[in-house]
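The structure file upload-v9.txt is reproduced below (compact mmCIF, N, CA and C atoms).
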```
# COMPACT_ATOMS: atom_id res chain seq x y z
N SER A 1 0.84 -1.18 0.00
CA SER A 1 0.00 0.00 0.00
C SER A 1 0.88 1.24 0.00
N PRO A 2 0.53 2.25 -0.80
CA PRO A 2 1.34 3.46 -0.85
C PRO A 2 1.43 4.18 0.50
N SER A 3 0.44 4.02 1.35
CA SER A 3 0.47 4.70 2.64
C SER A 3 1.53 4.13 3.58
N LEU A 4 2.03 2.90 3.30
CA LEU A 4 3.06 2.29 4.12
C LEU A 4 4.47 2.58 3.62
N LEU A 5 4.57 3.11 2.44
CA LEU A 5 5.88 3.39 1.86
C LEU A 5 6.70 4.30 2.77
N GLY A 6 7.88 3.88 3.09
CA GLY A 6 8.75 4.65 3.97
C GLY A 6 8.48 4.45 5.44
N LYS A 7 7.44 3.71 5.78
CA LYS A 7 7.11 3.49 7.18
C LYS A 7 7.44 2.08 7.64
N VAL A 8 7.68 1.17 6.72
CA VAL A 8 7.98 -0.21 7.06
C VAL A 8 9.48 -0.34 7.24
N ARG A 9 9.86 -0.98 8.31
CA ARG A 9 11.28 -1.13 8.63
C ARG A 9 11.52 -2.59 9.01
N ALA A 10 12.54 -3.17 8.42
CA ALA A 10 12.88 -4.55 8.72
C ALA A 10 14.03 -4.58 9.71
N SER A 11 13.95 -5.48 10.67
CA SER A 11 15.05 -5.65 11.61
C SER A 11 15.02 -7.08 12.12
N THR A 12 16.14 -7.52 12.66
CA THR A 12 16.20 -8.85 13.23
C THR A 12 15.50 -8.85 14.58
N LEU A 13 15.18 -10.03 15.07
CA LEU A 13 14.49 -10.14 16.36
C LEU A 13 15.32 -9.53 17.48
N HIS A 14 16.61 -9.86 17.52
CA HIS A 14 17.43 -9.33 18.62
C HIS A 14 17.54 -7.81 18.52
N SER A 15 17.59 -7.28 17.32
CA SER A 15 17.65 -5.84 17.17
C SER A 15 16.36 -5.20 17.70
N ALA A 16 15.25 -5.84 17.44
CA ALA A 16 13.97 -5.32 17.94
C ALA A 16 13.91 -5.38 19.47
N VAL A 17 14.43 -6.45 20.05
CA VAL A 17 14.46 -6.57 21.51
C VAL A 17 15.34 -5.48 22.11
N PHE A 18 16.53 -5.31 21.55
CA PHE A 18 17.42 -4.27 22.06
C PHE A 18 16.81 -2.89 21.89
N GLN A 19 16.13 -2.67 20.77
CA GLN A 19 15.49 -1.37 20.53
C GLN A 19 14.40 -1.12 21.58
N ALA A 20 13.66 -2.16 21.92
CA ALA A 20 12.60 -2.00 22.91
C ALA A 20 13.18 -1.65 24.28
N MET A 21 14.41 -2.05 24.54
CA MET A 21 15.04 -1.78 25.82
C MET A 21 15.76 -0.43 25.83
N ARG A 22 15.89 0.19 24.66
CA ARG A 22 16.59 1.48 24.58
C ARG A 22 15.84 2.51 25.42
N PRO A 23 16.55 3.28 26.21
CA PRO A 23 15.89 4.28 27.04
C PRO A 23 15.10 5.29 26.21
N ALA A 24 13.94 5.66 26.72
CA ALA A 24 13.08 6.60 26.00
C ALA A 24 13.75 7.96 25.81
N SER A 25 14.68 8.31 26.69
CA SER A 25 15.34 9.61 26.60
C SER A 25 16.14 9.77 25.32
N GLU A 26 16.51 8.64 24.70
CA GLU A 26 17.26 8.75 23.45
C GLU A 26 16.36 9.21 22.31
N GLY A 27 15.07 8.93 22.41
CA GLY A 27 14.11 9.41 21.44
C GLY A 27 14.33 8.93 20.02
N SER A 28 15.08 7.88 19.85
CA SER A 28 15.37 7.38 18.51
C SER A 28 14.25 6.45 18.05
N GLU A 29 13.81 6.67 16.83
CA GLU A 29 12.79 5.78 16.27
C GLU A 29 13.41 4.69 15.43
N SER A 30 14.69 4.82 15.12
CA SER A 30 15.33 3.82 14.29
C SER A 30 15.76 2.63 15.13
N ALA A 31 15.67 1.46 14.53
CA ALA A 31 16.07 0.24 15.23
C ALA A 31 17.58 0.22 15.39
N LEU A 32 18.02 -0.43 16.42
CA LEU A 32 19.44 -0.61 16.63
C LEU A 32 19.97 -1.46 15.49
N THR A 33 21.00 -0.99 14.82
CA THR A 33 21.55 -1.74 13.70
C THR A 33 22.36 -2.92 14.22
N ASP A 34 22.54 -3.91 13.37
CA ASP A 34 23.35 -5.06 13.75
C ASP A 34 24.77 -4.61 14.08
N GLN A 35 25.28 -3.63 13.35
CA GLN A 35 26.64 -3.13 13.60
C GLN A 35 26.73 -2.48 14.99
N GLU A 36 25.72 -1.69 15.36
CA GLU A 36 25.72 -1.08 16.70
C GLU A 36 25.66 -2.15 17.78
N LEU A 37 24.83 -3.15 17.55
CA LEU A 37 24.71 -4.26 18.50
C LEU A 37 26.05 -4.97 18.67
N GLU A 38 26.70 -5.28 17.57
CA GLU A 38 27.98 -5.98 17.62
C GLU A 38 29.04 -5.15 18.34
N LEU A 39 29.07 -3.85 18.07
CA LEU A 39 30.05 -2.98 18.72
C LEU A 39 29.83 -2.94 20.23
N ARG A 40 28.59 -2.88 20.65
CA ARG A 40 28.30 -2.85 22.09
C ARG A 40 28.68 -4.16 22.77
N ILE A 41 28.39 -5.27 22.11
CA ILE A 41 28.78 -6.57 22.67
C ILE A 41 30.29 -6.66 22.75
N ARG A 42 30.99 -6.20 21.72
CA ARG A 42 32.46 -6.23 21.74
C ARG A 42 33.02 -5.37 22.86
N ASP A 43 32.39 -4.24 23.12
CA ASP A 43 32.84 -3.37 24.22
C ASP A 43 32.68 -4.07 25.57
N ILE A 44 31.61 -4.81 25.72
CA ILE A 44 31.31 -5.44 27.02
C ILE A 44 32.16 -6.68 27.28
N VAL A 45 32.37 -7.51 26.27
CA VAL A 45 33.06 -8.78 26.49
C VAL A 45 34.39 -8.91 25.74
N GLY A 46 34.83 -7.85 25.11
CA GLY A 46 36.05 -7.89 24.31
C GLY A 46 37.29 -8.36 25.06
N ARG A 47 37.43 -7.91 26.28
CA ARG A 47 38.61 -8.31 27.08
C ARG A 47 38.60 -9.82 27.33
N ASP A 48 37.42 -10.37 27.61
CA ASP A 48 37.31 -11.82 27.85
C ASP A 48 37.67 -12.61 26.58
N VAL A 49 37.21 -12.12 25.44
CA VAL A 49 37.50 -12.79 24.18
C VAL A 49 39.00 -12.73 23.90
N ASP A 50 39.60 -11.58 24.10
CA ASP A 50 41.04 -11.44 23.88
C ASP A 50 41.85 -12.35 24.80
N GLU A 51 41.41 -12.49 26.05
CA GLU A 51 42.09 -13.39 26.98
C GLU A 51 41.98 -14.84 26.51
N ALA A 52 40.83 -15.22 25.98
CA ALA A 52 40.65 -16.58 25.48
C ALA A 52 41.53 -16.85 24.27
N LEU A 53 41.87 -15.81 23.54
CA LEU A 53 42.67 -15.95 22.32
C LEU A 53 44.17 -15.80 22.57
N ALA A 54 44.56 -15.59 23.80
CA ALA A 54 45.97 -15.32 24.11
C ALA A 54 46.92 -16.40 23.58
N GLY A 55 46.52 -17.65 23.60
CA GLY A 55 47.38 -18.73 23.14
C GLY A 55 47.23 -19.09 21.68
N VAL A 56 46.36 -18.38 20.97
CA VAL A 56 46.10 -18.67 19.55
C VAL A 56 47.10 -17.94 18.68
N ASP A 57 47.53 -18.59 17.62
CA ASP A 57 48.47 -18.00 16.66
C ASP A 57 47.92 -16.66 16.15
N VAL A 58 48.78 -15.67 16.08
CA VAL A 58 48.38 -14.32 15.67
C VAL A 58 47.65 -14.33 14.34
N GLY A 59 48.05 -15.17 13.42
CA GLY A 59 47.43 -15.24 12.10
C GLY A 59 45.99 -15.73 12.13
N GLN A 60 45.61 -16.42 13.18
CA GLN A 60 44.26 -16.96 13.29
C GLN A 60 43.36 -16.16 14.23
N ARG A 61 43.92 -15.20 14.91
CA ARG A 61 43.16 -14.49 15.94
C ARG A 61 41.99 -13.68 15.40
N GLN A 62 42.19 -12.94 14.34
CA GLN A 62 41.12 -12.05 13.86
C GLN A 62 39.87 -12.84 13.46
N LYS A 63 40.07 -13.88 12.69
CA LYS A 63 38.93 -14.70 12.25
C LYS A 63 38.27 -15.40 13.45
N THR A 64 39.09 -15.93 14.35
CA THR A 64 38.56 -16.63 15.51
C THR A 64 37.87 -15.65 16.45
N ARG A 65 38.41 -14.46 16.59
CA ARG A 65 37.81 -13.43 17.45
C ARG A 65 36.39 -13.11 16.97
N ALA A 66 36.25 -12.92 15.66
CA ALA A 66 34.93 -12.62 15.09
C ALA A 66 33.96 -13.77 15.35
N LEU A 67 34.46 -14.98 15.25
CA LEU A 67 33.62 -16.16 15.48
C LEU A 67 33.18 -16.25 16.94
N LEU A 68 34.07 -15.97 17.87
CA LEU A 68 33.71 -16.02 19.28
C LEU A 68 32.66 -14.96 19.62
N PHE A 69 32.82 -13.76 19.06
CA PHE A 69 31.80 -12.73 19.27
C PHE A 69 30.45 -13.17 18.69
N LEU A 70 30.48 -13.78 17.53
CA LEU A 70 29.25 -14.28 16.92
C LEU A 70 28.59 -15.31 17.83
N TYR A 71 29.37 -16.21 18.39
CA TYR A 71 28.81 -17.24 19.26
C TYR A 71 28.24 -16.66 20.55
N VAL A 72 28.86 -15.61 21.08
CA VAL A 72 28.29 -14.94 22.25
C VAL A 72 26.94 -14.33 21.88
N ARG A 73 26.92 -13.65 20.76
CA ARG A 73 25.68 -13.00 20.30
C ARG A 73 24.59 -14.03 20.06
N LYS A 74 24.93 -15.13 19.41
CA LYS A 74 23.93 -16.16 19.11
C LYS A 74 23.47 -16.88 20.39
N THR A 75 24.34 -16.99 21.37
CA THR A 75 23.93 -17.56 22.66
C THR A 75 22.93 -16.63 23.33
N LEU A 76 23.18 -15.34 23.25
CA LEU A 76 22.22 -14.36 23.77
C LEU A 76 20.90 -14.43 22.99
N ASP A 77 20.99 -14.52 21.68
CA ASP A 77 19.78 -14.65 20.84
C ASP A 77 18.97 -15.88 21.24
N LEU A 78 19.67 -16.98 21.51
CA LEU A 78 19.00 -18.22 21.91
C LEU A 78 18.15 -17.98 23.15
N PHE A 79 18.70 -17.25 24.11
CA PHE A 79 17.95 -16.90 25.32
C PHE A 79 16.79 -15.97 24.98
N LEU A 80 17.05 -14.93 24.19
CA LEU A 80 16.01 -13.95 23.87
C LEU A 80 14.84 -14.57 23.11
N CYS A 81 15.11 -15.60 22.34
CA CYS A 81 14.05 -16.24 21.54
C CYS A 81 13.36 -17.37 22.30
N SER A 82 13.80 -17.61 23.52
CA SER A 82 13.21 -18.70 24.30
C SER A 82 12.17 -18.15 25.27
N SER A 83 11.50 -19.06 25.93
CA SER A 83 10.55 -18.66 26.97
C SER A 83 11.15 -18.91 28.35
N LYS A 84 12.46 -19.13 28.39
CA LYS A 84 13.14 -19.44 29.65
C LYS A 84 13.30 -18.19 30.50
N THR A 85 13.29 -18.41 31.80
CA THR A 85 13.60 -17.32 32.72
C THR A 85 15.10 -17.04 32.62
N GLU A 86 15.50 -15.90 33.16
CA GLU A 86 16.92 -15.57 33.16
C GLU A 86 17.72 -16.63 33.91
N GLU A 87 17.19 -17.10 35.02
CA GLU A 87 17.88 -18.10 35.82
C GLU A 87 18.11 -19.40 35.04
N ALA A 88 17.14 -19.81 34.26
CA ALA A 88 17.27 -21.05 33.50
C ALA A 88 18.00 -20.86 32.17
N GLY A 89 17.69 -19.78 31.47
CA GLY A 89 18.24 -19.57 30.14
C GLY A 89 19.65 -19.04 30.10
N LEU A 90 20.11 -18.46 31.21
CA LEU A 90 21.48 -17.93 31.25
C LEU A 90 22.27 -18.56 32.40
N ASP A 91 21.98 -19.81 32.65
CA ASP A 91 22.68 -20.55 33.69
C ASP A 91 23.86 -21.29 33.07
N PRO A 92 25.10 -20.89 33.40
CA PRO A 92 26.28 -21.55 32.84
C PRO A 92 26.36 -23.04 33.19
N ALA A 93 25.74 -23.44 34.29
CA ALA A 93 25.75 -24.86 34.66
C ALA A 93 24.94 -25.69 33.66
N ARG A 94 24.10 -25.02 32.90
CA ARG A 94 23.30 -25.72 31.88
C ARG A 94 23.82 -25.35 30.49
N ALA A 95 25.13 -25.22 30.38
CA ALA A 95 25.76 -24.78 29.14
C ALA A 95 25.40 -25.65 27.94
N SER A 96 25.21 -26.92 28.16
CA SER A 96 24.93 -27.82 27.03
C SER A 96 23.62 -27.47 26.32
N ILE A 97 22.66 -26.87 27.03
CA ILE A 97 21.41 -26.50 26.37
C ILE A 97 21.27 -24.99 26.18
N ASN A 98 22.12 -24.20 26.84
CA ASN A 98 22.01 -22.75 26.75
C ASN A 98 23.04 -22.11 25.81
N THR A 99 23.98 -22.88 25.32
CA THR A 99 24.99 -22.36 24.40
C THR A 99 24.53 -22.61 22.96
N PHE A 100 24.76 -21.62 22.10
CA PHE A 100 24.48 -21.76 20.67
C PHE A 100 25.20 -23.02 20.18
N PHE A 101 24.45 -23.98 19.64
CA PHE A 101 25.00 -25.30 19.34
C PHE A 101 26.22 -25.29 18.41
N PRO A 102 26.26 -24.46 17.37
CA PRO A 102 27.48 -24.43 16.54
C PRO A 102 28.75 -24.06 17.33
N ALA A 103 28.61 -23.30 18.42
CA ALA A 103 29.78 -23.00 19.26
C ALA A 103 30.27 -24.29 19.93
N THR A 104 29.34 -25.10 20.40
CA THR A 104 29.70 -26.36 21.01
C THR A 104 30.40 -27.27 20.00
N LEU A 105 29.87 -27.32 18.79
CA LEU A 105 30.49 -28.13 17.73
C LEU A 105 31.88 -27.62 17.37
N PHE A 106 32.03 -26.30 17.31
CA PHE A 106 33.32 -25.69 16.98
C PHE A 106 34.39 -26.12 18.00
N HIS A 107 34.05 -26.10 19.27
CA HIS A 107 35.03 -26.46 20.29
C HIS A 107 35.27 -27.96 20.35
N ALA A 108 34.35 -28.74 19.83
CA ALA A 108 34.52 -30.19 19.80
C ALA A 108 35.32 -30.66 18.58
N SER A 109 35.50 -29.78 17.61
CA SER A 109 36.17 -30.14 16.36
C SER A 109 37.69 -30.08 16.50
N VAL A 110 38.32 -31.20 16.25
CA VAL A 110 39.78 -31.25 16.31
C VAL A 110 40.39 -30.49 15.13
N THR A 111 39.73 -30.52 14.00
CA THR A 111 40.30 -29.90 12.79
C THR A 111 40.01 -28.40 12.69
N ARG A 112 38.90 -27.91 13.22
CA ARG A 112 38.53 -26.50 13.08
C ARG A 112 39.02 -25.62 14.23
N LEU A 113 39.17 -26.18 15.40
CA LEU A 113 39.55 -25.40 16.57
C LEU A 113 41.02 -24.98 16.46
N PRO A 114 41.29 -23.67 16.51
CA PRO A 114 42.69 -23.22 16.43
C PRO A 114 43.50 -23.72 17.63
N HIS A 115 44.74 -24.07 17.36
CA HIS A 115 45.65 -24.49 18.44
C HIS A 115 45.79 -23.35 19.44
N GLY A 116 45.65 -23.67 20.72
CA GLY A 116 45.79 -22.67 21.76
C GLY A 116 44.47 -22.16 22.32
N LEU A 117 43.36 -22.50 21.67
CA LEU A 117 42.05 -22.09 22.16
C LEU A 117 41.49 -23.22 23.02
N ASP A 118 41.03 -22.88 24.21
CA ASP A 118 40.51 -23.87 25.15
C ASP A 118 39.34 -24.62 24.54
N ARG A 119 39.49 -25.91 24.41
CA ARG A 119 38.44 -26.71 23.77
C ARG A 119 37.24 -26.89 24.70
N ASP A 120 37.37 -26.51 25.96
CA ASP A 120 36.27 -26.67 26.92
C ASP A 120 35.50 -25.39 27.20
N LEU A 121 35.75 -24.32 26.45
CA LEU A 121 35.05 -23.06 26.71
C LEU A 121 33.54 -23.22 26.70
N ALA A 122 33.02 -23.84 25.67
CA ALA A 122 31.56 -23.99 25.57
C ALA A 122 31.03 -24.86 26.70
N ARG A 123 31.72 -25.96 26.96
CA ARG A 123 31.28 -26.88 28.01
C ARG A 123 31.30 -26.23 29.38
N LYS A 124 32.24 -25.33 29.61
CA LYS A 124 32.36 -24.64 30.90
C LYS A 124 31.34 -23.50 31.07
N GLY A 125 30.57 -23.22 30.03
CA GLY A 125 29.56 -22.18 30.13
C GLY A 125 30.09 -20.78 29.83
N TRP A 126 31.24 -20.69 29.18
CA TRP A 126 31.88 -19.40 28.89
C TRP A 126 30.97 -18.50 28.06
N TYR A 127 30.38 -19.02 27.01
CA TYR A 127 29.50 -18.22 26.16
C TYR A 127 28.26 -17.76 26.92
N VAL A 128 27.73 -18.64 27.74
CA VAL A 128 26.54 -18.29 28.54
C VAL A 128 26.90 -17.18 29.53
N LYS A 129 28.05 -17.28 30.17
CA LYS A 129 28.48 -16.25 31.12
C LYS A 129 28.59 -14.89 30.44
N LEU A 130 29.17 -14.87 29.24
CA LEU A 130 29.33 -13.60 28.53
C LEU A 130 27.98 -13.06 28.05
N ALA A 131 27.12 -13.94 27.57
CA ALA A 131 25.78 -13.52 27.15
C ALA A 131 25.01 -12.97 28.36
N LYS A 132 25.20 -13.59 29.51
CA LYS A 132 24.54 -13.13 30.73
C LYS A 132 25.05 -11.75 31.13
N ARG A 133 26.33 -11.50 30.94
CA ARG A 133 26.87 -10.18 31.26
C ARG A 133 26.27 -9.11 30.35
N VAL A 134 26.15 -9.42 29.06
CA VAL A 134 25.54 -8.47 28.12
C VAL A 134 24.09 -8.22 28.52
N TRP A 135 23.36 -9.28 28.81
CA TRP A 135 21.96 -9.16 29.23
C TRP A 135 21.85 -8.32 30.51
N GLY A 136 22.73 -8.56 31.45
CA GLY A 136 22.72 -7.80 32.69
C GLY A 136 22.91 -6.31 32.45
N ARG A 137 23.77 -5.96 31.52
CA ARG A 137 23.98 -4.56 31.18
C ARG A 137 22.74 -3.96 30.53
N MET A 138 22.07 -4.76 29.72
CA MET A 138 20.82 -4.29 29.09
C MET A 138 19.77 -4.02 30.14
N VAL A 139 19.58 -4.97 31.03
CA VAL A 139 18.54 -4.86 32.05
C VAL A 139 18.84 -3.71 33.00
N ALA A 140 20.10 -3.48 33.29
CA ALA A 140 20.50 -2.41 34.21
C ALA A 140 20.41 -1.03 33.54
N GLY A 141 20.15 -1.00 32.24
CA GLY A 141 20.10 0.26 31.52
C GLY A 141 21.47 0.81 31.20
N ASP A 142 22.47 -0.05 31.27
CA ASP A 142 23.85 0.35 31.04
C ASP A 142 24.36 -0.16 29.68
N PHE A 143 23.45 -0.40 28.77
CA PHE A 143 23.84 -0.96 27.47
C PHE A 143 23.96 0.13 26.42
N PHE A 144 23.13 1.16 26.53
CA PHE A 144 23.09 2.20 25.49
C PHE A 144 23.89 3.40 25.87
```
Once more with this new file: its structure as structure tokens, please.
Amino acid sequence: SPSLLGKVRASTLHSAVFQAMRPASEGSESALTDQELELRIRDIVGRDVDEALAGVDVGQRQKTRALLFLYVRKTLDLFLCSSKTEEAGLDPARASINTFFPATLFHASVTRLPHGLDRDLARKGWYVKLAKRVWGRMVAGDFF
């Protein structure tokens, strides 16, 4: 319909969730872009990711770093798209069901996992812990 032209906006589910949590004082009508979301997640958990990569060959770090950030984001998405409570959906003790499954497969792969990266990160709930930290910042109003 011509009346909708310029008024329809497409965004991902997580972007819509983050936009809904954006403080009203910002007065922005535009959805949080994926790039803004990624930058904020990198700011919050970047040090943890860099520490996890300390033993990885320098040539493999950039690609692996991007992948670890993606897995944190997807673990958070998994929680956001579920009906689980925060206690159940972001519980590191339940990492096997709360971690984005491709992250678990990545750490289980002998051929894909870069030498020097802890193969037990997913099993230990590392991604869930980082997703929980991002979520905590959102809920506290300290994300934007």
Excluding Asp91 (chain A) and residues on its chain fewer than 4 positions from it, collect all residues at most 7 Å away from it, counting all atoms listed in the file, and give them as a JSON list (two decimals) with N, CA and C atoms, in the coordinates of the input.
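And here is the file that came out, part-v8.json:
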```json
[["chain", "number", "residue", "atom", "x", "y", "z"],
["A", 86, "GLU", "N", 15.50, -15.90, 33.16],
["A", 86, "GLU", "CA", 16.92, -15.57, 33.16],
["A", 86, "GLU", "C", 17.72, -16.63, 33.91],
["A", 87, "GLU", "N", 17.19, -17.10, 35.02],
["A", 87, "GLU", "CA", 17.88, -18.10, 35.82],
["A", 87, "GLU", "C", 18.11, -19.40, 35.04],
["A", 95, "ALA", "N", 25.13, -25.22, 30.38],
["A", 95, "ALA", "CA", 25.76, -24.78, 29.14],
["A", 95, "ALA", "C", 25.40, -25.65, 27.94],
["A", 98, "ASN", "N", 22.12, -24.20, 26.84],
["A", 98, "ASN", "CA", 22.01, -22.75, 26.75],
["A", 98, "ASN", "C", 23.04, -22.11, 25.81],
["A", 125, "GLY", "N", 30.57, -23.22, 30.03],
["A", 125, "GLY", "CA", 29.56, -22.18, 30.13],
["A", 125, "GLY", "C", 30.09, -20.78, 29.83],
["A", 128, "VAL", "N", 27.73, -18.64, 27.74],
["A", 128, "VAL", "CA", 26.54, -18.29, 28.54],
["A", 128, "VAL", "C", 26.90, -17.18, 29.53],
["A", 129, "LYS", "N", 28.05, -17.28, 30.17],
["A", 129, "LYS", "CA", 28.48, -16.25, 31.12],
["A", 129, "LYS", "C", 28.59, -14.89, 30.44]]
```
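If you look at atom N of Ala103 (chain A) and CA of Phe143 (chain A), they are 24.6 Å away from each other.
Atom N of Asp34 (chain A) is positioned 20.1 Å from atom N of Ala140 (chain A).
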Across A:Arg119, A:Arg112, A:Arg73, A:Lys84, the smallest distance to Ile41 (chain A), with only N, CA and C atoms counted, is shown by A:Arg73
One residue among A:Gly141, A:Leu80, A:Thr64, A:Val134 is nearest to Arg42 (chain A) when using only C-alpha atoms, and that residue is A:Val134
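Of the listed residues (A:Arg65, A:Phe106, A:Pro114, A:Ser96), A:Arg65 comes nearest to Asp50 (chain A); the distances count all atoms listed in the file.
Pairwise distance (CA of Arg123 (chain A), atom C of Phe100 (chain A)) equals 10.6 Å.
Proximity ranking of A:Arg133, A:Leu68, A:Lys74, A:Gly46 relative to Asp118 (chain A) places A:Leu68 first, based on only C-alpha atoms.
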Could you work out an axis-aligned box for region 66-81 of chain A, taking every atom the file lists and adding 4 Å on each side, and report centre and edge lengths in Å to one decimal, as lines of an AutoDock Vina configuration file?
```
center_x = 24.8
center_y = -15.4
center_z = 20.2
size_x = 30.9
size_y = 13.6
size_z = 18.2
```
(Q) I need the residues of region 30-114 of chain A that end up classed as alpha helix (DSSP H) by DSSP on the backbone, written out as a PyMOL selection string. (A) chain A and resi 34-52+58-80+86-89+95-98+101-108
Exercise. Quick one: everything within 9 Å of Leu121 (chain A), counting only C-alpha atoms, minus sequence neighbours fewer than 3 positions away in the same chain. Send it as a PyMOL selection string.
Key: chain A and resi 52+104+107+117-118+124-127
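Between Trp135 (chain A) and the residues A:Leu70, A:Val58, A:Leu76, A:Leu37, the shortest atom-to-atom distance, using only N, CA and C atoms, involves A:Leu76.
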